[in-house]
file data.txt (compact mmCIF, C-alpha atoms)
# COMPACT_ATOMS: atom_id res chain seq x y z
CA MET X 12 -18.69 11.22 -37.85
CA GLU X 13 -19.31 7.52 -37.46
CA THR X 14 -15.85 6.98 -35.97
CA ASN X 15 -16.47 9.76 -33.47
CA ASP X 16 -19.69 8.04 -32.45
CA ASN X 17 -17.82 4.78 -32.02
CA ILE X 18 -15.18 6.43 -29.86
CA ASN X 19 -17.81 8.18 -27.76
CA LEU X 20 -19.50 4.81 -27.29
CA LEU X 21 -16.12 3.38 -26.28
CA LEU X 22 -15.61 6.13 -23.69
CA GLU X 23 -19.12 5.59 -22.36
CA MET X 24 -18.56 1.83 -22.18
CA ILE X 25 -15.29 2.06 -20.21
CA ASP X 26 -17.13 4.22 -17.67
CA ASN X 27 -19.89 1.61 -17.34
CA PRO X 28 -18.57 -1.82 -18.34
CA ASP X 29 -21.09 -3.61 -16.14
CA SER X 30 -23.86 -2.38 -18.44
CA TYR X 31 -22.48 -4.44 -21.34
CA SER X 32 -22.05 -8.13 -22.04
CA GLU X 33 -18.58 -9.52 -22.75
CA GLN X 34 -19.47 -9.79 -26.42
CA GLU X 35 -20.78 -6.22 -26.59
CA ILE X 36 -17.57 -4.97 -24.99
CA GLN X 37 -15.49 -6.85 -27.56
CA ASP X 38 -17.66 -5.52 -30.38
CA ILE X 39 -17.39 -1.91 -29.23
CA ILE X 40 -13.59 -2.03 -28.92
CA ASN X 41 -13.16 -3.80 -32.26
CA ARG X 42 -15.76 -1.85 -34.21
CA ASP X 43 -13.11 -0.32 -36.47
CA ASP X 44 -9.34 0.28 -36.51
CA GLU X 45 -9.68 3.78 -35.09
CA THR X 46 -11.69 2.62 -32.10
CA ARG X 47 -9.39 -0.32 -31.43
CA GLU X 48 -6.33 1.94 -31.58
CA THR X 49 -8.05 4.47 -29.34
CA TYR X 50 -8.61 1.76 -26.71
CA ARG X 51 -4.91 0.87 -26.92
CA GLN X 52 -4.11 4.54 -26.39
CA LEU X 53 -6.39 4.67 -23.36
CA VAL X 54 -4.49 1.70 -21.93
CA ARG X 55 -1.15 3.45 -22.57
CA ALA X 56 -2.48 6.62 -20.96
CA ARG X 57 -3.58 4.75 -17.82
CA ARG X 58 -0.27 2.91 -17.68
CA ALA X 59 1.59 6.20 -18.07
CA GLY X 60 -0.32 7.48 -15.04
CA ARG X 61 0.41 4.35 -13.03
CA HIS X 62 4.06 4.44 -14.04
CA HIS X 63 4.34 8.05 -12.90
CA HIS X 64 2.79 7.22 -9.52
CA ALA X 65 4.93 4.12 -9.07
CA SER X 66 8.12 6.02 -9.95
CA SER X 67 7.43 8.90 -7.59
CA ARG X 68 6.68 6.96 -4.41
CA PRO X 69 9.30 5.31 -2.19
CA VAL X 70 9.76 1.56 -2.49
CA ASP X 71 9.66 -0.42 0.74
CA VAL X 72 12.21 -3.12 -0.09
CA ASP X 73 12.63 -4.17 3.54
CA THR X 74 8.97 -5.11 3.99
CA ALA X 75 8.91 -6.91 0.64
CA TRP X 76 12.07 -8.83 1.48
CA GLN X 77 10.70 -9.80 4.90
CA ARG X 78 7.60 -11.21 3.23
CA PHE X 79 9.73 -13.19 0.80
CA GLU X 80 12.05 -14.36 3.54
CA GLN X 81 9.18 -15.59 5.67
CA GLY X 82 7.78 -17.54 2.77
CA HIS X 83 11.01 -19.18 1.66
CA PHE X 84 13.64 -19.25 4.36
CA ALA X 85 13.64 -20.38 7.97
CA LEU X 86 13.57 -17.34 10.21
CA PRO X 87 15.98 -16.91 13.14
CA GLU X 88 14.99 -18.97 16.17
CA ARG X 89 12.26 -17.49 18.36
CA ARG X 90 12.87 -16.69 22.01
CA ASN X 91 9.91 -18.67 23.30
CA PRO X 92 11.38 -21.77 25.04
CA TRP X 93 8.09 -23.67 24.71
CA LEU X 94 8.49 -23.61 20.94
CA LYS X 95 11.89 -25.27 21.37
CA VAL X 96 10.35 -27.95 23.58
CA ALA X 97 7.51 -28.49 21.10
CA ALA X 98 9.97 -28.78 18.23
CA ALA X 99 12.08 -31.28 20.17
CA VAL X 100 9.01 -33.39 20.99
CA ALA X 101 7.92 -33.29 17.36
CA GLY X 102 11.41 -34.35 16.30
CA ILE X 103 11.42 -37.26 18.71
CA LEU X 104 7.97 -38.35 17.56
CA LEU X 105 9.05 -38.11 13.92
CA LEU X 106 12.20 -40.16 14.50
CA SER X 107 10.26 -42.69 16.59
CA GLY X 108 7.72 -42.98 13.80
CA ILE X 109 10.42 -43.54 11.23
CA ALA X 110 12.14 -46.13 13.39
CA TRP X 111 8.81 -47.84 14.03
CA ALA X 112 7.97 -47.79 10.32
CA ALA X 113 11.41 -49.18 9.46
CA SER X 114 11.11 -51.95 12.04
CA LEU X 115 7.66 -52.83 10.72
CA ALA X 116 9.04 -52.99 7.20
CA VAL X 117 11.94 -55.23 8.25
CA ARG X 118 9.62 -57.43 10.26
CA HIS X 119 7.28 -57.66 7.32
CA VAL X 120 10.11 -58.87 5.11
CA VAL X 121 11.22 -61.37 7.75
CA ASP X 122 7.68 -62.58 8.27
CA GLY X 123 7.39 -62.88 4.55
CA ALA X 124 9.40 -66.14 4.66
CA SER X 125 12.81 -64.72 3.94
CA THR X 126 15.46 -65.92 6.40
CA SER X 127 17.76 -62.96 5.85
CA PRO X 128 16.11 -59.61 6.48
CA VAL X 129 16.46 -57.18 3.60
CA PRO X 130 17.40 -53.66 4.70
CA VAL X 131 14.62 -51.25 4.04
CA SER X 132 15.37 -47.57 3.82
CA ALA X 133 13.45 -45.43 6.21
CA PRO X 134 11.68 -42.59 4.45
CA SER X 135 13.73 -39.41 4.37
CA PRO X 136 12.30 -36.92 6.89
CA ALA X 137 13.29 -34.05 4.64
CA ARG X 138 11.47 -35.51 1.68
CA ASP X 139 8.40 -36.37 3.71
CA GLY X 140 8.37 -32.90 5.17
CA MET X 141 8.14 -31.35 1.71
CA ALA X 142 4.95 -29.40 1.22
CA LEU X 143 2.71 -30.72 -1.49
CA GLY X 144 2.28 -28.42 -4.40
CA GLN X 145 5.83 -27.13 -4.34
CA PRO X 146 8.21 -27.99 -7.16
CA THR X 147 11.55 -29.15 -5.81
CA ALA X 148 14.96 -28.97 -7.34
CA GLY X 149 16.13 -32.51 -7.88
CA ASP X 150 19.26 -34.25 -9.10
CA THR X 151 21.30 -33.35 -12.08
CA ASN X 152 20.90 -35.69 -15.02
CA SER X 153 23.65 -37.18 -17.14
CA ASN X 154 24.03 -33.91 -19.06
CA GLY X 155 24.56 -31.95 -15.88
CA MET X 156 21.16 -30.22 -16.21
CA MET X 157 18.88 -29.94 -13.21
CA GLU X 158 15.68 -31.90 -12.99
CA VAL X 159 12.76 -30.28 -11.25
CA THR X 160 10.04 -32.38 -9.67
CA PHE X 161 6.55 -30.92 -9.62
CA ASP X 162 4.71 -32.87 -6.98
CA ASN X 163 0.96 -32.30 -6.98
CA VAL X 164 1.42 -28.86 -8.56
CA PRO X 165 -1.42 -27.12 -10.49
CA LEU X 166 -0.82 -26.97 -14.23
CA ASP X 167 -1.13 -23.18 -14.02
CA SER X 168 1.98 -22.89 -11.82
CA MET X 169 3.90 -25.73 -13.41
CA LEU X 170 3.47 -24.55 -16.96
CA GLY X 171 4.20 -20.94 -15.95
CA GLU X 172 7.60 -21.94 -14.62
CA ILE X 173 8.39 -24.10 -17.63
CA ALA X 174 7.25 -21.38 -20.05
CA ASP X 175 9.41 -18.78 -18.30
CA HIS X 176 12.45 -21.02 -18.72
CA TYR X 177 11.90 -21.27 -22.48
CA GLY X 178 10.84 -17.62 -22.87
CA MET X 179 7.25 -18.52 -23.75
CA ALA X 180 3.90 -17.12 -22.65
CA VAL X 181 1.00 -19.33 -21.55
CA GLU X 182 -2.58 -18.92 -22.68
CA PHE X 183 -5.32 -20.99 -21.06
CA ARG X 184 -8.29 -21.45 -23.36
CA ASN X 185 -9.62 -24.09 -21.03
CA SER X 186 -9.86 -22.46 -17.62
CA GLN X 187 -10.66 -25.77 -15.90
CA ALA X 188 -7.23 -27.07 -16.89
CA ARG X 189 -5.53 -24.49 -14.68
CA GLN X 190 -6.16 -26.40 -11.49
CA LEU X 191 -5.33 -29.88 -12.77
CA ARG X 192 -2.55 -31.21 -10.59
CA PHE X 193 0.36 -33.29 -11.75
CA HIS X 194 3.38 -35.16 -10.64
CA PHE X 195 5.89 -34.36 -13.34
CA VAL X 196 9.66 -34.49 -13.53
CA TRP X 197 10.98 -31.75 -15.78
CA ASP X 198 14.46 -32.10 -17.20
CA LYS X 199 15.60 -28.59 -17.99
CA GLY X 200 18.01 -29.98 -20.57
CA ASP X 201 15.09 -31.20 -22.70
CA GLY X 202 13.85 -29.14 -25.61
CA LEU X 203 10.47 -27.44 -25.24
CA GLU X 204 8.90 -29.71 -27.84
CA LYS X 205 9.78 -32.82 -25.84
CA VAL X 206 8.56 -31.28 -22.58
CA VAL X 207 5.23 -30.32 -24.16
CA ASP X 208 4.96 -33.78 -25.67
CA ASP X 209 5.63 -35.38 -22.27
CA ILE X 210 2.96 -33.26 -20.56
CA ASN X 211 0.50 -34.01 -23.36
CA HIS X 212 0.77 -37.67 -22.43
CA PHE X 213 -1.44 -36.84 -19.46
CA GLU X 214 -4.92 -37.69 -20.60
CA SER X 215 -6.64 -34.46 -19.57
CA VAL X 216 -4.19 -32.01 -21.12
CA ASP X 217 -3.81 -30.63 -24.62
CA ILE X 218 -1.02 -28.08 -25.03
CA GLU X 219 -0.10 -26.62 -28.37
CA GLN X 220 2.99 -24.54 -29.10
CA THR X 221 2.12 -21.63 -31.39
CA GLY X 222 4.85 -19.05 -31.99
CA ASN X 223 5.98 -17.84 -28.58
CA ARG X 224 2.91 -19.16 -26.80
CA LEU X 225 1.84 -22.36 -25.16
CA ILE X 226 -1.90 -22.68 -25.65
CA VAL X 227 -3.78 -24.95 -23.27
CA ARG X 228 -7.06 -26.25 -24.64
CA MET M 4 19.01 -23.55 -5.92
CA LEU M 5 20.37 -20.09 -5.09
CA ASP M 6 21.43 -19.46 -1.51
CA LYS M 7 19.73 -16.90 0.70
CA ASN M 8 22.49 -14.28 0.54
CA THR M 9 22.52 -14.33 -3.26
CA VAL M 10 18.74 -14.06 -3.45
CA GLU M 11 18.65 -11.22 -0.93
CA GLY M 12 21.34 -9.33 -2.85
CA LEU M 13 19.41 -9.67 -6.11
CA PHE M 14 16.13 -8.83 -4.37
CA ARG M 15 17.45 -5.61 -2.85
CA GLN M 16 19.17 -4.61 -6.09
CA HIS M 17 16.29 -5.19 -8.50
CA TYR M 18 13.04 -5.07 -6.51
CA GLY M 19 12.44 -1.34 -7.08
CA LYS M 20 12.47 -1.51 -10.87
CA MET M 21 10.52 -4.77 -10.87
CA ILE M 22 7.69 -3.55 -8.63
CA ASN M 23 7.56 -0.32 -10.62
CA LEU M 24 7.04 -2.28 -13.84
CA ALA M 25 4.47 -4.62 -12.30
CA CYS M 26 2.50 -1.68 -10.82
CA THR M 27 2.59 -0.03 -14.25
CA LEU M 28 1.31 -3.05 -16.15
CA LEU M 29 -1.29 -4.16 -13.60
CA ALA M 30 -4.01 -2.11 -11.97
CA ASP M 31 -3.78 -3.66 -8.53
CA ASP M 32 -0.67 -3.06 -6.39
CA ALA M 33 -1.21 -6.20 -4.30
CA GLU M 34 -1.36 -8.26 -7.47
CA ALA M 35 1.83 -6.55 -8.67
CA GLN M 36 3.59 -7.44 -5.41
CA ASP M 37 2.53 -11.07 -5.82
CA VAL M 38 3.99 -11.11 -9.34
CA VAL M 39 7.39 -9.87 -8.17
CA GLN M 40 7.46 -12.31 -5.25
CA ASP M 41 6.61 -15.09 -7.69
CA VAL M 42 9.44 -14.11 -10.04
CA PHE M 43 11.95 -14.30 -7.18
CA THR M 44 10.53 -17.65 -6.11
CA ARG M 45 11.27 -18.98 -9.58
CA LEU M 46 14.66 -17.30 -9.71
CA MET M 47 15.61 -18.89 -6.39
CA ARG M 48 15.09 -22.35 -7.83
CA HIS M 49 17.35 -21.71 -10.78
CA ASP M 50 20.50 -23.71 -10.66
CA TYR M 51 22.41 -22.24 -13.55
CA GLN M 52 24.78 -19.32 -13.56
CA MET M 53 23.65 -16.12 -15.24
CA ALA M 54 25.99 -13.35 -16.33
CA ALA M 55 25.59 -10.35 -14.01
CA ASP M 56 24.67 -8.04 -16.87
CA LYS M 57 21.85 -10.35 -17.97
CA VAL M 58 20.10 -10.57 -14.61
CA GLU M 59 18.14 -7.33 -14.80
CA GLY M 60 16.91 -8.07 -18.32
CA TYR M 61 15.86 -11.54 -17.27
CA LEU M 62 14.01 -10.32 -14.19
CA MET M 63 12.21 -7.50 -15.99
CA THR M 64 11.14 -9.81 -18.81
CA ALA M 65 9.97 -12.36 -16.27
CA VAL M 66 7.89 -9.67 -14.50
CA ARG M 67 6.27 -8.72 -17.78
CA HIS M 68 5.49 -12.34 -18.65
CA ARG M 69 3.87 -12.90 -15.27
CA CYS M 70 1.88 -9.66 -15.60
CA LEU M 71 0.70 -10.71 -19.06
CA ASN M 72 -0.39 -14.07 -17.73
CA ALA M 73 -2.24 -12.34 -14.88
CA ILE M 74 -4.00 -10.06 -17.38
CA ARG M 75 -4.94 -12.98 -19.63
CA GLN M 76 -6.64 -14.65 -16.72
CA LYS M 77 -9.12 -11.76 -16.43
CA ASN M 78 -12.22 -11.61 -18.57
CA VAL M 79 -12.70 -8.75 -21.00
CA ARG M 80 -15.01 -6.78 -18.69
CA GLN M 81 -12.49 -6.90 -15.87
CA ARG M 82 -9.72 -5.77 -18.22
CA VAL M 83 -11.80 -2.82 -19.39
CA LYS M 84 -12.64 -1.87 -15.80
CA GLU M 85 -8.95 -1.77 -15.00
CA LEU M 86 -8.01 -0.31 -18.40
CA LEU M 87 -5.79 -3.26 -19.20
CA PRO M 88 -4.96 -4.37 -22.75
CA ILE M 89 -7.16 -6.87 -24.53
CA ASP M 90 -4.32 -7.85 -26.87
CA ASP M 91 -0.55 -8.12 -26.62
CA THR M 92 0.38 -5.44 -29.19
CA ASP M 93 2.24 -3.13 -26.78
CA ASP M 94 3.59 -5.91 -24.65
CA LEU M 95 5.58 -7.38 -27.52
CA GLN M 96 7.89 -4.35 -27.49
CA PRO M 97 11.13 -4.51 -25.45
CA VAL M 98 10.41 -3.53 -21.84
CA GLU M 99 12.71 -0.49 -21.90
CA GLN M 100 11.04 0.84 -25.05
CA GLN M 101 7.60 0.33 -23.56
CA VAL M 102 8.49 2.14 -20.33
CA ALA M 103 10.23 4.98 -22.22
CA GLN M 104 7.09 5.54 -24.28
CA LEU M 105 4.93 5.77 -21.13
CA GLU M 106 7.29 8.38 -19.70
CA GLN M 107 7.13 10.34 -22.96
CA ILE M 108 3.32 10.26 -22.90
CA HIS M 109 3.27 11.59 -19.35
CA ALA M 110 5.74 14.35 -20.24
CA PHE M 111 3.73 15.24 -23.35
CA VAL M 112 0.54 15.60 -21.32
CA ASP M 113 2.31 17.77 -18.72
CA THR M 114 4.02 20.08 -21.18
CA ARG M 115 2.03 20.10 -24.41
CA LEU M 116 -1.63 19.67 -23.53
CA LYS M 117 -3.43 22.84 -22.61
CA GLU M 118 -6.38 23.26 -20.26
CA PRO M 119 -8.94 21.81 -19.93
CA TYR M 120 -7.48 18.88 -21.92
CA ARG M 121 -4.69 18.28 -19.42
CA SER M 122 -6.91 18.36 -16.32
CA ILE M 123 -9.46 16.05 -17.91
CA PHE M 124 -6.74 13.67 -19.03
CA ASN M 125 -5.10 13.62 -15.59
CA LEU M 126 -8.36 13.20 -13.72
CA ARG M 127 -9.27 10.26 -15.95
CA PHE M 128 -5.92 8.48 -16.15
CA ASP M 129 -3.96 9.58 -13.08
CA GLN M 130 -6.86 9.67 -10.64
CA ASP M 131 -9.02 7.06 -12.36
CA MET M 132 -12.20 9.16 -12.21
CA THR M 133 -15.14 8.39 -14.50
CA LEU M 134 -16.13 10.94 -17.12
CA LYS M 135 -19.31 11.72 -15.20
CA GLU M 136 -17.30 12.41 -12.05
CA ILE M 137 -14.96 14.66 -14.03
CA ALA M 138 -17.91 16.56 -15.51
CA THR M 139 -19.26 17.16 -12.00
CA ARG M 140 -15.83 18.18 -10.67
CA LEU M 141 -15.19 20.66 -13.50
CA GLY M 142 -18.79 21.87 -13.84
CA MET M 143 -19.05 20.81 -17.49
CA SER M 144 -21.49 18.70 -19.41
CA THR M 145 -20.53 15.05 -19.83
CA SER M 146 -20.59 15.44 -23.61
CA ALA M 147 -18.02 18.27 -23.36
CA VAL M 148 -15.76 16.04 -21.26
CA TYR M 149 -16.11 13.28 -23.90
CA LYS M 150 -15.12 15.74 -26.60
CA TYR M 151 -12.07 17.11 -24.78
CA LEU M 152 -10.85 13.67 -23.75
CA ASN M 153 -11.28 12.27 -27.24
CA GLN M 154 -9.32 15.17 -28.70
CA ALA M 155 -6.56 14.76 -26.11
CA ILE M 156 -6.31 11.05 -26.90
CA GLN M 157 -6.17 11.68 -30.63
CA ARG M 158 -3.38 14.25 -30.15
CA ILE M 159 -1.36 11.70 -28.22
CA ARG M 160 -2.10 9.07 -30.85
CA ILE M 161 -0.73 11.31 -33.57
CA GLN M 162 2.33 12.16 -31.49
CA PHE M 163 3.14 8.55 -30.62
CA ASN M 164 1.82 6.74 -33.63
CA ASN M 165 3.18 3.20 -33.56
CA ASP M 166 1.73 2.09 -36.81
call {"tool": "encode", "arguments": {"input": "data.txt", "output": "structure tokens"}}
result
Amino acid sequence: METNDNINLLLEMIDNPDSYSEQEIQDIINRDDETRETYRQLVRARRAGRHHHASSRPVDVDTAWQRFEQGHFALPERRNPWLKVAAAVAGILLLSGIAWAASLAVRHVVDGASTSPVPVSAPSPARDGMALGQPTAGDTNSNGMMEVTFDNVPLDSMLGEIADHYGMAVEFRNSQARQLRFHFVWDKGDGLEKVVDDINHFESVDIEQTGNRLIVR
Amino acid sequence: MLDKNTVEGLFRQHYGKMINLACTLLADDAEAQDVVQDVFTRLMRHDYQMAADKVEGYLMTAVRHRCLNAIRQKNVRQRVKELLPIDDTDDLQPVEQQVAQLEQIHAFVDTRLKEPYRSIFNLRFDQDMTLKEIATRLGMSTSAVYKYLNQAIQRIRIQFNND
């Protein structure tokens, strides 16, 4: 009888979750094994319904691919000639800026009392054009493994990618840590323990490996 | 980094199953689409070769990991609203096993539950109606709907007991 009451309370609560605090919701679901297992069954039932719907409707791969393509690959050139002109002007300005910066750097070295100017590399336009917050594939290391540079990337994204590589899940117990941004070079040849250790050297981060999870505190 | 043709080939080959899984595990289709796009973004950056027969398993597991992370970012109330798990018990099973069980549950409801159990179950879990809305729709008391739904759930629990 008591279990039935608990399950009825559970059913009432999932109809009106806004009427309960987070703690009350937890307490209702975990009141006893029967109630907890009933909640799991409710989740399976809802997922079964969603799976049925998802399986029976057509999938629009073309639209999804177009979205992905637009986000990651340069699209075919547009017809608008003004865009071409604008791009050319931007290119000229960029090259002029680089040349100007390089000449300034050389001049600075010369002015700095050296009689033989030291060549100074102009910054790479490709590198400078890289959007902040995007990890970039880098060079291979001595073991032939790729290094990935996370430049100003939130911990949330960075750790997600690293965890995927090692088959781990990430759990943030400190939600503020999600948006911490880092510059971090990840050598994919390194073991997970070393990578976690390296990231933990950042003052504001505490990551612990527990089983198949990385827990961020 | 994978070239565009390779990524497009993989995208067109695997997107259907991946979006299906993401829409199953998450309540929001837009969120599910973001997850799949994110998985391909990560795949694109991979530099190592993967055996062709491993790709689907990798992608499906990656979708599930991203869905789990998305679920973990929600508070308990939000998970309950969307009827999402509050622990990882089911999501530790292999993906194929998990999906097969969901299909079996749906088939069981369609073929083995009688009325009004089946209608109440479908209105709640296929159409996401509240129990009060179901009571109004079927002209029953709310307490009767609670009773039928609870009995339907317990029948499914007995049929698919994981313990």
call {"tool": "interface_residues", "arguments": {"input": "data.txt", "of": "chain X", "to": "chain M", "cutoff": "6 Å", "atoms": "all atoms listed in the file", "output": "ChimeraX atom specification"}}
result
/X:26,54,57-62,65
call {"tool": "atom_distance", "arguments": {"input": "data.txt", "atom1": "CA of Thr74 (chain X)", "atom2": "CA of Asn8 (chain M)"}}
result
16.7 Å
call {"tool": "atom_distance", "arguments": {"input": "data.txt", "atom1": "CA of Phe183 (chain X)", "atom2": "CA of Phe195 (chain X)"}}
result
19.1 Å
call {"tool": "atom_distance", "arguments": {"input": "data.txt", "atom1": "CA of Met53 (chain M)", "atom2": "CA of Gly12 (chain M)"}}
result
14.3 Å
call {"tool": "residues_around", "arguments": {"input": "data.txt", "residues": "Tyr151 (chain M)", "least_positions_apart": "4", "cutoff": "7 Å", "atoms": "only C-alpha atoms", "output": "list in words"}}
result
Tyr120, Ala147 and Ala155 of chain M
call {"tool": "residues_around", "arguments": {"input": "data.txt", "residues": "Ala180 (chain X)", "least_positions_apart": "2", "cutoff": "7 Å", "atoms": "all atoms listed in the file", "output": "list in words"}}
result
Ala174, Gly178, Glu182, Asn223, Arg224 and Leu225 of chain X; His68 of chain M
call {"tool": "closest_residue", "arguments": {"input": "data.txt", "among": "X:Glu80, X:Ile18, X:Arg51, X:Phe161", "to": "Asp94 (chain M)", "atoms": "all atoms listed in the file"}}
result
X:Arg51
call {"tool": "decode", "arguments": {"input": "data.txt", "residues": "region 169-189 of chain X", "atoms": "N, CA and C atoms", "output": "PDB file, in the first residue's frame"}}
result
ATOM      1  N   MET X 169      36.483  21.599 -24.476  1.00  0.00           N
ATOM      2  CA  MET X 169      37.812  20.986 -24.545  1.00  0.00           C
ATOM      3  C   MET X 169      37.799  19.603 -23.893  1.00  0.00           C
ATOM      4  N   LEU X 170      37.258  19.545 -22.707  1.00  0.00           N
ATOM      5  CA  LEU X 170      37.281  18.288 -21.969  1.00  0.00           C
ATOM      6  C   LEU X 170      36.362  17.258 -22.632  1.00  0.00           C
ATOM      7  N   GLY X 171      35.272  17.745 -23.242  1.00  0.00           N
ATOM      8  CA  GLY X 171      34.359  16.840 -23.956  1.00  0.00           C
ATOM      9  C   GLY X 171      35.091  16.112 -25.072  1.00  0.00           C
ATOM     10  N   GLU X 172      35.883  16.876 -25.829  1.00  0.00           N
ATOM     11  CA  GLU X 172      36.602  16.265 -26.944  1.00  0.00           C
ATOM     12  C   GLU X 172      37.660  15.288 -26.438  1.00  0.00           C
ATOM     13  N   ILE X 173      38.365  15.695 -25.392  1.00  0.00           N
ATOM     14  CA  ILE X 173      39.406  14.819 -24.840  1.00  0.00           C
ATOM     15  C   ILE X 173      38.767  13.549 -24.283  1.00  0.00           C
ATOM     16  N   ALA X 174      37.661  13.720 -23.550  1.00  0.00           N
ATOM     17  CA  ALA X 174      36.993  12.561 -22.937  1.00  0.00           C
ATOM     18  C   ALA X 174      36.505  11.588 -24.007  1.00  0.00           C
ATOM     19  N   ASP X 175      35.949  12.124 -25.093  1.00  0.00           N
ATOM     20  CA  ASP X 175      35.486  11.259 -26.183  1.00  0.00           C
ATOM     21  C   ASP X 175      36.633  10.396 -26.708  1.00  0.00           C
ATOM     22  N   HIS X 176      37.788  11.029 -26.849  1.00  0.00           N
ATOM     23  CA  HIS X 176      38.947  10.308 -27.410  1.00  0.00           C
ATOM     24  C   HIS X 176      39.328   9.119 -26.534  1.00  0.00           C
ATOM     25  N   TYR X 177      39.221   9.297 -25.214  1.00  0.00           N
ATOM     26  CA  TYR X 177      39.616   8.227 -24.298  1.00  0.00           C
ATOM     27  C   TYR X 177      38.420   7.369 -23.855  1.00  0.00           C
ATOM     28  N   GLY X 178      37.249   7.620 -24.453  1.00  0.00           N
ATOM     29  CA  GLY X 178      36.060   6.834 -24.099  1.00  0.00           C
ATOM     30  C   GLY X 178      35.552   7.110 -22.694  1.00  0.00           C
ATOM     31  N   MET X 179      35.699   8.354 -22.251  1.00  0.00           N
ATOM     32  CA  MET X 179      35.264   8.723 -20.897  1.00  0.00           C
ATOM     33  C   MET X 179      34.035   9.635 -20.986  1.00  0.00           C
ATOM     34  N   ALA X 180      33.317   9.737 -19.877  1.00  0.00           N
ATOM     35  CA  ALA X 180      32.228  10.709 -19.766  1.00  0.00           C
ATOM     36  C   ALA X 180      32.712  11.834 -18.841  1.00  0.00           C
ATOM     37  N   VAL X 181      32.108  13.002 -18.983  1.00  0.00           N
ATOM     38  CA  VAL X 181      32.498  14.154 -18.160  1.00  0.00           C
ATOM     39  C   VAL X 181      31.349  14.528 -17.246  1.00  0.00           C
ATOM     40  N   GLU X 182      31.657  14.787 -16.016  1.00  0.00           N
ATOM     41  CA  GLU X 182      30.632  15.244 -15.066  1.00  0.00           C
ATOM     42  C   GLU X 182      31.137  16.524 -14.403  1.00  0.00           C
ATOM     43  N   PHE X 183      30.384  17.612 -14.589  1.00  0.00           N
ATOM     44  CA  PHE X 183      30.760  18.883 -13.968  1.00  0.00           C
ATOM     45  C   PHE X 183      30.032  19.022 -12.644  1.00  0.00           C
ATOM     46  N   ARG X 184      30.770  18.989 -11.557  1.00  0.00           N
ATOM     47  CA  ARG X 184      30.150  19.256 -10.253  1.00  0.00           C
ATOM     48  C   ARG X 184      30.327  20.722  -9.892  1.00  0.00           C
ATOM     49  N   ASN X 185      31.140  21.392 -10.658  1.00  0.00           N
ATOM     50  CA  ASN X 185      31.321  22.830 -10.474  1.00  0.00           C
ATOM     51  C   ASN X 185      30.924  23.481 -11.790  1.00  0.00           C
ATOM     52  N   SER X 186      29.683  23.992 -11.829  1.00  0.00           N
ATOM     53  CA  SER X 186      29.165  24.472 -13.115  1.00  0.00           C
ATOM     54  C   SER X 186      29.936  25.696 -13.614  1.00  0.00           C
ATOM     55  N   GLN X 187      30.536  26.455 -12.682  1.00  0.00           N
ATOM     56  CA  GLN X 187      31.271  27.653 -13.107  1.00  0.00           C
ATOM     57  C   GLN X 187      32.512  27.275 -13.924  1.00  0.00           C
ATOM     58  N   ALA X 188      33.007  26.054 -13.682  1.00  0.00           N
ATOM     59  CA  ALA X 188      34.230  25.642 -14.389  1.00  0.00           C
ATOM     60  C   ALA X 188      33.991  25.428 -15.878  1.00  0.00           C
ATOM     61  N   ARG X 189      32.725  25.232 -16.244  1.00  0.00           N
ATOM     62  CA  ARG X 189      32.431  24.935 -17.650  1.00  0.00           C
ATOM     63  C   ARG X 189      32.975  25.999 -18.588  1.00  0.00           C
TER      64      ARG X 189
END
